[in-house]
Amino acid sequence: MDKEDVFVLRRKNRSLCLAARAAFLRLAPHLAESGAILILTDHTGTIIDATGDPKTLDAGREIQLELGGVWNEDVIGTNGIGTALRTGKPTYVHASEHFCQGIQSWTCAGVPVFDPLDRSIIGVVDLSGPPDIFQPHNVALVVAAAREIEIALAEQQREERTKLLEAYIDLPKTRDADEAIVILNGSGRIVFSRNTDRAPDHSKNSLPIGRQLLNFNPNMTDGELAAALPANLTAKAIDILKSGDEVQGAALILPNKSAPPVRPTKPKGIAIKPRVGVQEDEISILGECPKMLEAIEFARRAALANVTVLVQGETGVGKELFARLIHSHHAKENPPYVAVNCAAISGELVGGELFGHVAGAFTGALREGKAGKFEQANGGVLCLDEIGDMPPELQTYLLRTLEQRAVYRIGCDKRRPINVQLIAMTNRNLRQDIEAGQFRRDLFYRIGTIVIDVPPLRERGRDIDILTDHFNLTLSEKFSRAPLVFDLDVAKAFREYSWPGNVRELRNTIERICLLHNGDTVTLADLPDEISQPESSVFLSGDVRPRTNANLDLNGVESLAIQRTIDQQHGNLTKAASQLGISRPTLYRKIRQYGLNRGK
């Protein structure tokens with residue numbers, strides 16, 4: 001390894017290096033003229049520290065017995081370090097006992113170092129030098145050094161565990177004494193657990209002390225921690241544990257088998273303030289997913305900068321909410337907000353809708369003419385949904401309008417200045433459309449000053465729970481009923497389902513349950529088959545094999561969602577379009593595009 005990689009490796013094994021420091025400093029003076037060197041490796045046999053006779057250290061560089069040298073058996077065969085790692089026992093390899101001829105002029109005694117938490121091998125201490133240093137008691141010396149390192153590691157871990165427990169006790173929130181708790185240290189390993197046998201799908205032995213649950217980062221939010229947990233482990237709450245301002249680890253509160261399902265609480269969200277003439281009620285973008293928070297921050301900055309924005313994302317992720325968010329942060333007081341679905345208007349009429357027209361400009365034009373959407377949105381926000389479906393000839397007109405910041409009504413050469421913040425939205429891959437010649441490259445870069453990628457629901461981790469609670473509360477209130485109580489299996493099924501229809505599909509699912517379910521508690525039997533039985537087959541037109549949601553691209557996921565909705569509505573395309581949140585013309589186009597079965 002080069003110096004930079006060694007630095008990274010030493011930092012990764014900081015606890016081991018720190019624990020070995022005292023032993024190495026104590027032995028270094030005695031090794032200075034002994035012809036021997038003392039070596040520390042990590043669990044892969046890579047040397048991360050060395051001290052001892054300077055001449056032997058120099059000689060070791062000729063055979064890579066130096067910082068960054070890798071000495072496991074897979075690389076170099078029988079040797080003191082690699083064989084100690086392989087056997088887990090103190091090992092003395094002398095001269096010709098080495099596998100490689102080039103190191104048979106050396107003798108070495110290696111002793112594994114065990115992690116006090118789980119007794120796994122985390123490194124090796126090795127004494128190496130020329131054959132004349134061979135003494136039977138060399139192994140005893142190295143064993144003593146290894147045990148000294150283990151004692152120092154145990155003391156480190158004891159202090160760390162104490163700090164974590166103190167941080168947990170000092171939390172402002174209180175926890176029940178019978179709750180299942182797992183405490184993770186700064187590397188994501190379990191240092192304390194309680195009542196884990198009461199958690200679903202877990203026993204006393206499934207969450208042992210020392211098990212690495214995740215790769216912990218001090219900057220992770222509890223939402224990121226939840227997403228990083230193993231698939232079979234669910235935490236109903238996560239507390240970040242700090243000592244002063246420094247993050248030390250985290251406490252996972254696991255659901256109890258015997259505990260009744262928890263009724264939802266009102267989740268927090270990013271509020272979108274209502275604007276006059278747009279909506280009466282305040283709405284929110286909910287979630288803790290880092291990608292979602294990044295998208296929200298981009299939307300805020302775009303509003304302040306008053307630049308064009310391209311919002312990309314699959315069907316149903318909530319792209320229009322970001323347009324509303326930008327509008328709500330507009331510098332002007334109560335600016336206009338105009339939304340246009342480019343796919344819902346025929347190609348012959350979309351030009352007149354966007355740019356306006358004068359009397360007699362085309363067949364069907366109004367006698368008195370009409371101002372287009374750009375003029376209606378002047379001073380505010382114009383939202384163009386499904387911009388990828390705009391006819392190519394109008395893309396040129398749109399590009400000129402944006403560059404000149406003026407609009408020309410169809411059939412008129414009068415220049416009308418406009419000041420509009422354009423927000424374009426699409427569920428298509430515009431870069432692919434550019435390569436296919438279906439979308440102008442220069443228009444793509446003109447509308448994409450800021451690009452906001454809204455993540456699909458399946459990539460948002462704990463946000464599924466947050467949104468489930470939100471829709472449960474709001475829809476139960478809408479239908480004048482008590483909030484639903486989802487049992488643990490339902491919550492797990494929601495987290496494991498791929499949600500091809502994204503947030504819209506989740507909302508529709510909960511709305512259907514609110515309308516049709518008579519009791520309070522929802523079980524797997526109350527869910528649609530595609531959620532409760534994700535392995536069941538989904539058949540598309542002309543396809544006799546089952547199709548799953550795994551490894552599909554965006555178009556494949558969208559086609560599955562549309563076909564399933566059409567099947568659920570028994571071929572009623574009006575209802576299917578309404579449930580999908582798209583127009584009938586868009587649905588017809590998608591059916592042709594994907595070759596879907598329209599049903600009866």
# chains A, B, ... in the order shown; residues from 1 in each chain; ligands from 1

call {"tool": "residues_around", "arguments": {"residues": "Tyr588 in chain A", "least_positions_apart": "4", "cutoff": "10 Å", "atoms": "only C-alpha atoms", "output": "ChimeraX atom specification"}}
result
/A:573,577,583-584,592-593,596,598

call {"tool": "write_last_selection", "arguments": {"atoms": "N, CA, C and O atoms", "output": "tab-separated table (two decimals), in the first residue's frame"}}
result
chain	number	residue	atom	x	y	z
A	573	LEU	N	-60.54	3.38	-18.18
A	573	LEU	CA	-59.37	4.24	-18.32
A	573	LEU	C	-59.58	5.60	-17.66
A	573	LEU	O	-58.61	6.24	-17.25
A	577	ALA	N	-56.83	6.74	-15.04
A	577	ALA	CA	-56.10	8.01	-15.18
A	577	ALA	C	-56.23	8.86	-13.93
A	577	ALA	O	-55.28	9.48	-13.46
A	583	SER	N	-53.64	12.71	-17.06
A	583	SER	CA	-54.80	12.94	-17.93
A	583	SER	C	-55.06	11.72	-18.81
A	583	SER	O	-54.18	10.86	-18.99
A	584	ARG	N	-56.27	11.64	-19.36
A	584	ARG	CA	-56.60	10.53	-20.26
A	584	ARG	C	-55.70	10.52	-21.49
A	584	ARG	O	-55.22	9.45	-21.88
A	592	ARG	N	-49.86	3.21	-25.54
A	592	ARG	CA	-49.23	2.95	-26.84
A	592	ARG	C	-47.72	2.79	-26.69
A	592	ARG	O	-47.11	1.92	-27.31
A	593	GLN	N	-47.12	3.65	-25.85
A	593	GLN	CA	-45.67	3.64	-25.69
A	593	GLN	C	-45.17	2.30	-25.15
A	593	GLN	O	-44.16	1.76	-25.61
A	596	LEU	N	-49.32	-1.66	-23.61
A	596	LEU	CA	-50.05	-2.25	-22.48
A	596	LEU	C	-51.41	-2.77	-22.91
A	596	LEU	O	-51.96	-2.38	-23.96
A	598	ARG	N	-55.26	-2.76	-22.57
A	598	ARG	CA	-56.28	-1.81	-22.11
A	598	ARG	C	-57.41	-2.50	-21.36
A	598	ARG	O	-58.25	-1.83	-20.77

call {"tool": "residues_around", "arguments": {"residues": "Pro455 in chain A", "least_positions_apart": "3", "cutoff": "7 Å", "atoms": "only C-alpha atoms", "output": "PyMOL selection string"}}
result
chain A and resi 291-292+313+459

call {"tool": "write_last_selection", "arguments": {"atoms": "C-alpha atoms", "output": "PDB file, in the first residue's frame"}}
result
ATOM      1  CA  LYS A 291     -31.630  13.044  -1.025  1.00  0.00           C
ATOM      2  CA  MET A 292     -35.029  14.550  -0.249  1.00  0.00           C
ATOM      3  CA  GLY A 313     -38.514  12.009 -10.925  1.00  0.00           C
ATOM      4  CA  GLU A 459     -35.007   4.806  -1.829  1.00  0.00           C
TER       5      GLU A 459
END

call {"tool": "select_by_dssp", "arguments": {"residues": "range 368-461 of chain A", "states": "alpha helix (DSSP H)", "output": "ChimeraX atom specification"}}
result
/A:373-376,392-404,430-435,441-447

call {"tool": "closest_residue", "arguments": {"among": "A:Asn72, A:His329, A:Leu402, A:Phe471", "to": "Asp442 in chain A", "atoms": "only C-alpha atoms"}}
result
A:Leu402

call {"tool": "atom_distance", "arguments": {"atom1": "CA of Ile423 in chain A", "atom2": "CA of Gly316 in chain A"}}
result
17.2 Å

call {"tool": "residues_around", "arguments": {"residues": "Arg440 in chain A", "least_positions_apart": "3", "cutoff": "12 Å", "atoms": "only C-alpha atoms", "output": "list in words"}}
result
Ile387, Gly388, Asp389, Met390, Pro391, Pro392, Glu393, Leu394, Gln395, Thr396, Tyr397, Leu398, Leu399, Leu430, Arg431, Gln432, Asp433, Ile434, Glu435, Ala436, Gly437, Leu443, Phe444, Tyr445, Arg446 and Ile447 of chain A

call {"tool": "write_last_selection", "arguments": {"atoms": "N, CA, C and O atoms", "output": "mmCIF file, in the first residue's frame"}}
result
data_model
loop_
_atom_site.group_PDB
_atom_site.id
_atom_site.type_symbol
_atom_site.label_atom_id
_atom_site.label_comp_id
_atom_site.auth_asym_id
_atom_site.auth_seq_id
_atom_site.Cartn_x
_atom_site.Cartn_y
_atom_site.Cartn_z
ATOM 1 N N ILE A 387 -42.699 18.088 -19.685
ATOM 2 C CA ILE A 387 -42.131 18.911 -20.769
ATOM 3 C C ILE A 387 -41.509 18.036 -21.842
ATOM 4 O O ILE A 387 -41.376 18.445 -22.994
ATOM 5 N N GLY A 388 -41.145 16.812 -21.490
ATOM 6 C CA GLY A 388 -40.576 15.916 -22.489
ATOM 7 C C GLY A 388 -41.544 15.546 -23.589
ATOM 8 O O GLY A 388 -41.129 15.045 -24.641
ATOM 9 N N ASP A 389 -42.841 15.782 -23.382
ATOM 10 C CA ASP A 389 -43.859 15.476 -24.387
ATOM 11 C C ASP A 389 -44.195 16.667 -25.268
ATOM 12 O O ASP A 389 -45.109 16.587 -26.089
ATOM 13 N N MET A 390 -43.480 17.767 -25.091
ATOM 14 C CA MET A 390 -43.739 18.952 -25.929
ATOM 15 C C MET A 390 -43.279 18.678 -27.357
ATOM 16 O O MET A 390 -42.175 18.166 -27.576
ATOM 17 N N PRO A 391 -44.106 19.003 -28.361
ATOM 18 C CA PRO A 391 -43.721 18.775 -29.758
ATOM 19 C C PRO A 391 -42.412 19.486 -30.101
ATOM 20 O O PRO A 391 -42.146 20.593 -29.602
ATOM 21 N N PRO A 392 -41.556 18.890 -30.934
ATOM 22 C CA PRO A 392 -40.245 19.480 -31.258
ATOM 23 C C PRO A 392 -40.336 20.889 -31.810
ATOM 24 O O PRO A 392 -39.489 21.733 -31.504
ATOM 25 N N GLU A 393 -41.360 21.171 -32.645
ATOM 26 C CA GLU A 393 -41.444 22.505 -33.232
ATOM 27 C C GLU A 393 -41.704 23.584 -32.177
ATOM 28 O O GLU A 393 -41.285 24.734 -32.333
ATOM 29 N N LEU A 394 -42.419 23.209 -31.096
ATOM 30 C CA LEU A 394 -42.674 24.183 -30.035
ATOM 31 C C LEU A 394 -41.489 24.323 -29.083
ATOM 32 O O LEU A 394 -41.372 25.312 -28.369
ATOM 33 N N GLN A 395 -40.614 23.327 -29.049
ATOM 34 C CA GLN A 395 -39.412 23.436 -28.228
ATOM 35 C C GLN A 395 -38.555 24.609 -28.690
ATOM 36 O O GLN A 395 -37.973 25.325 -27.873
ATOM 37 N N THR A 396 -38.474 24.816 -30.007
ATOM 38 C CA THR A 396 -37.728 25.956 -30.554
ATOM 39 C C THR A 396 -38.354 27.265 -30.112
ATOM 40 O O THR A 396 -37.654 28.208 -29.711
ATOM 41 N N TYR A 397 -39.675 27.327 -30.148
ATOM 42 C CA TYR A 397 -40.397 28.537 -29.737
ATOM 43 C C TYR A 397 -40.175 28.818 -28.254
ATOM 44 O O TYR A 397 -39.968 29.958 -27.833
ATOM 45 N N LEU A 398 -40.198 27.757 -27.448
ATOM 46 C CA LEU A 398 -39.979 27.911 -26.006
ATOM 47 C C LEU A 398 -38.570 28.401 -25.727
ATOM 48 O O LEU A 398 -38.363 29.277 -24.871
ATOM 49 N N LEU A 399 -37.575 27.852 -26.430
ATOM 50 C CA LEU A 399 -36.183 28.273 -26.225
ATOM 51 C C LEU A 399 -36.030 29.752 -26.532
ATOM 52 O O LEU A 399 -35.391 30.494 -25.768
ATOM 53 N N LEU A 430 -34.536 12.799 -20.137
ATOM 54 C CA LEU A 430 -34.377 13.747 -21.231
ATOM 55 C C LEU A 430 -33.053 13.562 -21.965
ATOM 56 O O LEU A 430 -32.955 13.845 -23.162
ATOM 57 N N ARG A 431 -32.035 13.076 -21.254
ATOM 58 C CA ARG A 431 -30.752 12.852 -21.922
ATOM 59 C C ARG A 431 -30.888 11.754 -22.984
ATOM 60 O O ARG A 431 -30.299 11.853 -24.072
ATOM 61 N N GLN A 432 -31.651 10.727 -22.673
ATOM 62 C CA GLN A 432 -31.906 9.698 -23.681
ATOM 63 C C GLN A 432 -32.735 10.257 -24.825
ATOM 64 O O GLN A 432 -32.508 9.923 -25.996
ATOM 65 N N ASP A 433 -33.708 11.118 -24.491
ATOM 66 C CA ASP A 433 -34.533 11.731 -25.543
ATOM 67 C C ASP A 433 -33.689 12.620 -26.448
ATOM 68 O O ASP A 433 -33.948 12.719 -27.658
ATOM 69 N N ILE A 434 -32.672 13.274 -25.874
ATOM 70 C CA ILE A 434 -31.779 14.110 -26.678
ATOM 71 C C ILE A 434 -31.026 13.244 -27.689
ATOM 72 O O ILE A 434 -30.929 13.566 -28.877
ATOM 73 N N GLU A 435 -30.479 12.122 -27.200
ATOM 74 C CA GLU A 435 -29.735 11.234 -28.095
ATOM 75 C C GLU A 435 -30.654 10.645 -29.168
ATOM 76 O O GLU A 435 -30.200 10.360 -30.280
ATOM 77 N N ALA A 436 -31.928 10.470 -28.837
ATOM 78 C CA ALA A 436 -32.885 9.919 -29.805
ATOM 79 C C ALA A 436 -33.445 10.994 -30.724
ATOM 80 O O ALA A 436 -34.269 10.692 -31.599
ATOM 81 N N GLY A 437 -33.042 12.253 -30.528
ATOM 82 C CA GLY A 437 -33.514 13.341 -31.369
ATOM 83 C C GLY A 437 -34.910 13.826 -31.033
ATOM 84 O O GLY A 437 -35.537 14.517 -31.839
ATOM 85 N N LEU A 443 -32.223 23.389 -25.390
ATOM 86 C CA LEU A 443 -33.343 23.667 -24.493
ATOM 87 C C LEU A 443 -33.137 22.965 -23.146
ATOM 88 O O LEU A 443 -33.445 23.526 -22.091
ATOM 89 N N PHE A 444 -32.594 21.745 -23.193
ATOM 90 C CA PHE A 444 -32.331 21.013 -21.944
ATOM 91 C C PHE A 444 -31.414 21.815 -21.028
ATOM 92 O O PHE A 444 -31.674 21.953 -19.821
ATOM 93 N N TYR A 445 -30.330 22.363 -21.589
ATOM 94 C CA TYR A 445 -29.409 23.120 -20.745
ATOM 95 C C TYR A 445 -29.994 24.474 -20.346
ATOM 96 O O TYR A 445 -29.611 25.034 -19.314
ATOM 97 N N ARG A 446 -30.943 24.967 -21.149
ATOM 98 C CA ARG A 446 -31.555 26.265 -20.800
ATOM 99 C C ARG A 446 -32.533 26.108 -19.643
ATOM 100 O O ARG A 446 -32.593 26.989 -18.767
ATOM 101 N N ILE A 447 -33.277 25.009 -19.599
ATOM 102 C CA ILE A 447 -34.264 24.839 -18.520
ATOM 103 C C ILE A 447 -33.644 24.219 -17.276
ATOM 104 O O ILE A 447 -34.262 24.218 -16.211
#
